[in-house]
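Below is one structure, written out as structure tokens; the observations come after it.
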Amino acid sequence: MLPLIWTLFAVLAVGGFLMIAAYWLDVQERPDLGVGARIGWSAAIFAFPISIPLYAFAGGPNWPLSLRIGSLVPLIALLLFGGFVLGIFS
């Protein structure tokens, strides 16, 4: 079971970095955001497990359902990493 979980973690970690890039680029390209909102959403990248899903579901970017579900990928990857650190997966 451990090799499967490691593989899932590796794929989700790479996907998480892609979601961070997609989020940041989307924030920078939205013409309806003012400078302050753009800076605020950009600074929220430091809390990415929470800010990306918040932006996707409530921020109004009109992302398709696949990207909204994908916005949860960094959070899932961090939860798996926490499971490895705490020794939950053996």
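How things are named: the first chain in the structure tokens is A, the next is B, and so on; residues count from 1 in each chain; ligands count from 1 in the order shown.
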
Query raised in the report: Leaving out Gly59 of chain A and any residue of its chain fewer than 5 positions from it, which residues lie within 10 Å of it when counting only C-alpha atoms, given as a ChimeraX atom specification?
Result: /A:27,41,51-54

Requested in this report: Would you list the contacts of Ile69 of chain A as an NGL selection string, taking every protein, DNA or RNA residue within 10 Å and counting only C-alpha atoms, but skipping same-chain residues closer than 3 positions in sequence?
Outcome: :A and (53 or 56-57 or 63-66 or 72-73)

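Here atom CA of Arg68 of chain A stands at a distance of 12.9 Å from atom CA of Pro49 of chain A.
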
Query raised in the report: Which neighbours of Phe48 of chain A fall inside 10 Å, counting only C-alpha atoms, when residues of the same chain fewer than 5 positions from it are skipped, and could you give them as a PyMOL selection string?
Result: chain A and resi 16+19-20+23+42-43+53-55+71-72+74-75

Deliver the residues from the most recent selection as a file, using all heavy atoms, as a compact mmCIF listing (two decimals), in the first residue's frame.
```txt
# COMPACT_ATOMS: atom_id res chain seq x y z
N GLY A 16 -0.07 19.97 -7.45
CA GLY A 16 -0.22 21.12 -6.56
C GLY A 16 0.58 22.32 -7.02
O GLY A 16 0.09 23.45 -6.98
N MET A 19 -1.25 23.84 -9.85
CA MET A 19 -2.41 24.61 -9.40
C MET A 19 -2.00 25.96 -8.81
O MET A 19 -2.69 26.96 -8.99
CB MET A 19 -3.23 23.82 -8.38
CG MET A 19 -4.13 22.78 -8.99
SD MET A 19 -5.22 23.39 -10.30
CE MET A 19 -6.14 24.67 -9.50
N ILE A 20 -0.87 25.97 -8.10
CA ILE A 20 -0.37 27.25 -7.56
C ILE A 20 -0.06 28.21 -8.70
O ILE A 20 -0.41 29.39 -8.66
CB ILE A 20 0.85 27.02 -6.66
CG1 ILE A 20 0.43 26.29 -5.38
CG2 ILE A 20 1.55 28.33 -6.32
CD1 ILE A 20 1.57 25.81 -4.53
N TYR A 23 -3.34 29.37 -10.35
CA TYR A 23 -4.00 30.34 -9.48
C TYR A 23 -3.34 31.71 -9.61
O TYR A 23 -4.00 32.72 -9.83
CB TYR A 23 -3.92 29.83 -8.04
CG TYR A 23 -4.15 30.87 -6.97
CD1 TYR A 23 -5.42 31.28 -6.64
CD2 TYR A 23 -3.07 31.43 -6.28
CE1 TYR A 23 -5.63 32.23 -5.66
CE2 TYR A 23 -3.27 32.37 -5.29
CZ TYR A 23 -4.54 32.77 -4.99
OH TYR A 23 -4.74 33.71 -4.02
N SER A 42 -2.64 37.68 -4.41
CA SER A 42 -1.29 37.19 -4.65
C SER A 42 -0.58 36.87 -3.34
O SER A 42 0.14 35.88 -3.25
CB SER A 42 -0.48 38.22 -5.44
OG SER A 42 -1.01 38.39 -6.73
N ALA A 43 -0.77 37.71 -2.34
CA ALA A 43 -0.15 37.45 -1.04
C ALA A 43 -0.75 36.23 -0.37
O ALA A 43 -0.09 35.55 0.43
CB ALA A 43 -0.29 38.68 -0.14
N PRO A 53 -8.57 26.96 -2.92
CA PRO A 53 -9.99 26.55 -2.98
C PRO A 53 -10.96 27.70 -2.69
O PRO A 53 -12.02 27.79 -3.31
CB PRO A 53 -10.10 25.47 -1.91
CG PRO A 53 -8.73 24.95 -1.74
CD PRO A 53 -7.83 26.12 -2.00
N LEU A 54 -10.58 28.58 -1.77
CA LEU A 54 -11.43 29.73 -1.47
C LEU A 54 -11.61 30.60 -2.72
O LEU A 54 -12.72 31.02 -3.05
CB LEU A 54 -10.83 30.55 -0.33
CG LEU A 54 -11.62 31.76 0.13
CD1 LEU A 54 -12.94 31.31 0.75
CD2 LEU A 54 -10.81 32.56 1.13
N TYR A 55 -10.52 30.85 -3.41
CA TYR A 55 -10.58 31.63 -4.65
C TYR A 55 -11.41 30.90 -5.71
O TYR A 55 -12.22 31.50 -6.40
CB TYR A 55 -9.16 31.89 -5.15
CG TYR A 55 -9.08 32.63 -6.46
CD1 TYR A 55 -9.28 34.01 -6.50
CD2 TYR A 55 -8.80 31.98 -7.65
CE1 TYR A 55 -9.21 34.70 -7.69
CE2 TYR A 55 -8.71 32.66 -8.84
CZ TYR A 55 -8.91 34.03 -8.86
OH TYR A 55 -8.84 34.71 -10.03
N SER A 71 -8.40 22.49 -7.49
CA SER A 71 -7.91 23.45 -6.50
C SER A 71 -7.69 22.80 -5.13
O SER A 71 -6.99 23.34 -4.29
CB SER A 71 -8.87 24.63 -6.36
OG SER A 71 -10.07 24.24 -5.71
N LEU A 72 -8.25 21.62 -4.94
CA LEU A 72 -8.07 20.89 -3.68
C LEU A 72 -6.81 20.03 -3.68
O LEU A 72 -6.44 19.49 -2.64
CB LEU A 72 -9.29 20.02 -3.40
CG LEU A 72 -10.62 20.78 -3.26
CD1 LEU A 72 -11.77 19.81 -3.23
CD2 LEU A 72 -10.60 21.66 -2.04
N PRO A 74 -3.47 20.72 -3.88
CA PRO A 74 -2.39 21.05 -2.94
C PRO A 74 -2.72 20.67 -1.49
O PRO A 74 -1.86 20.21 -0.74
CB PRO A 74 -2.21 22.56 -3.08
CG PRO A 74 -2.76 22.88 -4.42
CD PRO A 74 -3.86 21.91 -4.65
N LEU A 75 -3.97 20.84 -1.10
CA LEU A 75 -4.38 20.49 0.25
C LEU A 75 -4.26 18.98 0.48
O LEU A 75 -3.74 18.54 1.52
CB LEU A 75 -5.82 20.95 0.51
CG LEU A 75 -6.42 20.57 1.86
CD1 LEU A 75 -5.64 21.23 2.98
CD2 LEU A 75 -7.87 20.97 1.91
```

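Nearest residue to Gly40 of chain A, choosing from A:Phe17, A:Trp24, A:Leu86, A:Leu78 and counting only C-alpha atoms: A:Trp24.
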
Query - Members of segment 5-86 of chain A assigned alpha helix (DSSP H) by DSSP, as a PyMOL selection string - result: chain A and resi 5-29+35-43+48-58+65-70+73-86

Could those residues be written to a file, using C-alpha atoms, as a JSON list (two decimals), in the first residue's frame?
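Writing done, so here's result.json:
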```
[["chain", "number", "residue", "atom", "x", "y", "z"],
["A", 5, "ILE", "CA", 0.41, 6.21, -1.50],
["A", 6, "TRP", "CA", 3.91, 7.51, -2.35],
["A", 7, "THR", "CA", 2.99, 7.55, -6.05],
["A", 8, "LEU", "CA", -0.25, 9.36, -5.30],
["A", 9, "PHE", "CA", 1.65, 11.88, -3.17],
["A", 10, "ALA", "CA", 4.24, 12.51, -5.90],
["A", 11, "VAL", "CA", 1.58, 13.05, -8.57],
["A", 12, "LEU", "CA", -0.45, 15.32, -6.30],
["A", 13, "ALA", "CA", 2.63, 17.31, -5.27],
["A", 14, "VAL", "CA", 3.44, 18.06, -8.91],
["A", 15, "GLY", "CA", -0.22, 18.82, -9.57],
["A", 16, "GLY", "CA", -0.22, 21.12, -6.56],
["A", 17, "PHE", "CA", 2.61, 23.18, -8.00],
["A", 18, "LEU", "CA", 0.70, 23.43, -11.26],
["A", 19, "MET", "CA", -2.41, 24.61, -9.40],
["A", 20, "ILE", "CA", -0.37, 27.25, -7.56],
["A", 21, "ALA", "CA", 0.92, 28.54, -10.90],
["A", 22, "ALA", "CA", -2.57, 28.46, -12.46],
["A", 23, "TYR", "CA", -4.00, 30.34, -9.48],
["A", 24, "TRP", "CA", -1.31, 33.02, -9.50],
["A", 25, "LEU", "CA", -1.55, 33.55, -13.26],
["A", 26, "ASP", "CA", -5.34, 33.74, -13.10],
["A", 27, "VAL", "CA", -5.17, 36.38, -10.38],
["A", 28, "GLN", "CA", -2.70, 38.45, -12.41],
["A", 29, "GLU", "CA", -4.77, 38.29, -15.60],
["A", 35, "VAL", "CA", -4.54, 46.58, -7.65],
["A", 36, "GLY", "CA", -5.33, 46.01, -3.96],
["A", 37, "ALA", "CA", -7.35, 42.87, -4.63],
["A", 38, "ARG", "CA", -4.68, 41.55, -6.95],
["A", 39, "ILE", "CA", -1.99, 42.13, -4.32],
["A", 40, "GLY", "CA", -4.18, 40.56, -1.63],
["A", 41, "TRP", "CA", -4.94, 37.42, -3.65],
["A", 42, "SER", "CA", -1.29, 37.19, -4.65],
["A", 43, "ALA", "CA", -0.15, 37.45, -1.04],
["A", 48, "PHE", "CA", -2.32, 28.17, -0.61],
["A", 49, "PRO", "CA", -4.06, 25.11, 0.86],
["A", 50, "ILE", "CA", -6.86, 27.41, 1.94],
["A", 51, "SER", "CA", -6.64, 30.35, -0.46],
["A", 52, "ILE", "CA", -6.73, 28.43, -3.75],
["A", 53, "PRO", "CA", -9.99, 26.55, -2.98],
["A", 54, "LEU", "CA", -11.43, 29.73, -1.47],
["A", 55, "TYR", "CA", -10.58, 31.63, -4.65],
["A", 56, "ALA", "CA", -11.87, 28.83, -6.90],
["A", 57, "PHE", "CA", -15.20, 28.36, -5.14],
["A", 58, "ALA", "CA", -15.94, 31.85, -3.82],
["A", 65, "LEU", "CA", -15.69, 22.19, -12.32],
["A", 66, "SER", "CA", -12.48, 20.30, -13.13],
["A", 67, "LEU", "CA", -10.32, 23.25, -11.99],
["A", 68, "ARG", "CA", -12.44, 23.76, -8.89],
["A", 69, "ILE", "CA", -11.86, 20.14, -7.93],
["A", 70, "GLY", "CA", -8.20, 20.53, -8.91],
["A", 73, "VAL", "CA", -4.97, 19.04, -4.95],
["A", 74, "PRO", "CA", -2.39, 21.05, -2.94],
["A", 75, "LEU", "CA", -4.38, 20.49, 0.25],
["A", 76, "ILE", "CA", -4.60, 16.74, -0.35],
["A", 77, "ALA", "CA", -0.86, 16.58, -1.11],
["A", 78, "LEU", "CA", -0.08, 18.37, 2.16],
["A", 79, "LEU", "CA", -2.38, 16.04, 4.09],
["A", 80, "LEU", "CA", -0.58, 13.04, 2.61],
["A", 81, "PHE", "CA", 2.78, 14.62, 3.49],
["A", 82, "GLY", "CA", 1.57, 15.15, 7.04],
["A", 83, "GLY", "CA", 0.54, 11.50, 7.16],
["A", 84, "PHE", "CA", 4.06, 10.49, 6.14],
["A", 85, "VAL", "CA", 5.65, 12.74, 8.75],
["A", 86, "LEU", "CA", 3.39, 11.44, 11.51]]
```

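Reported to one decimal place, the separation of atom CA of Phe46 of chain A from atom CA of Arg30 of chain A is 19.6 Å.
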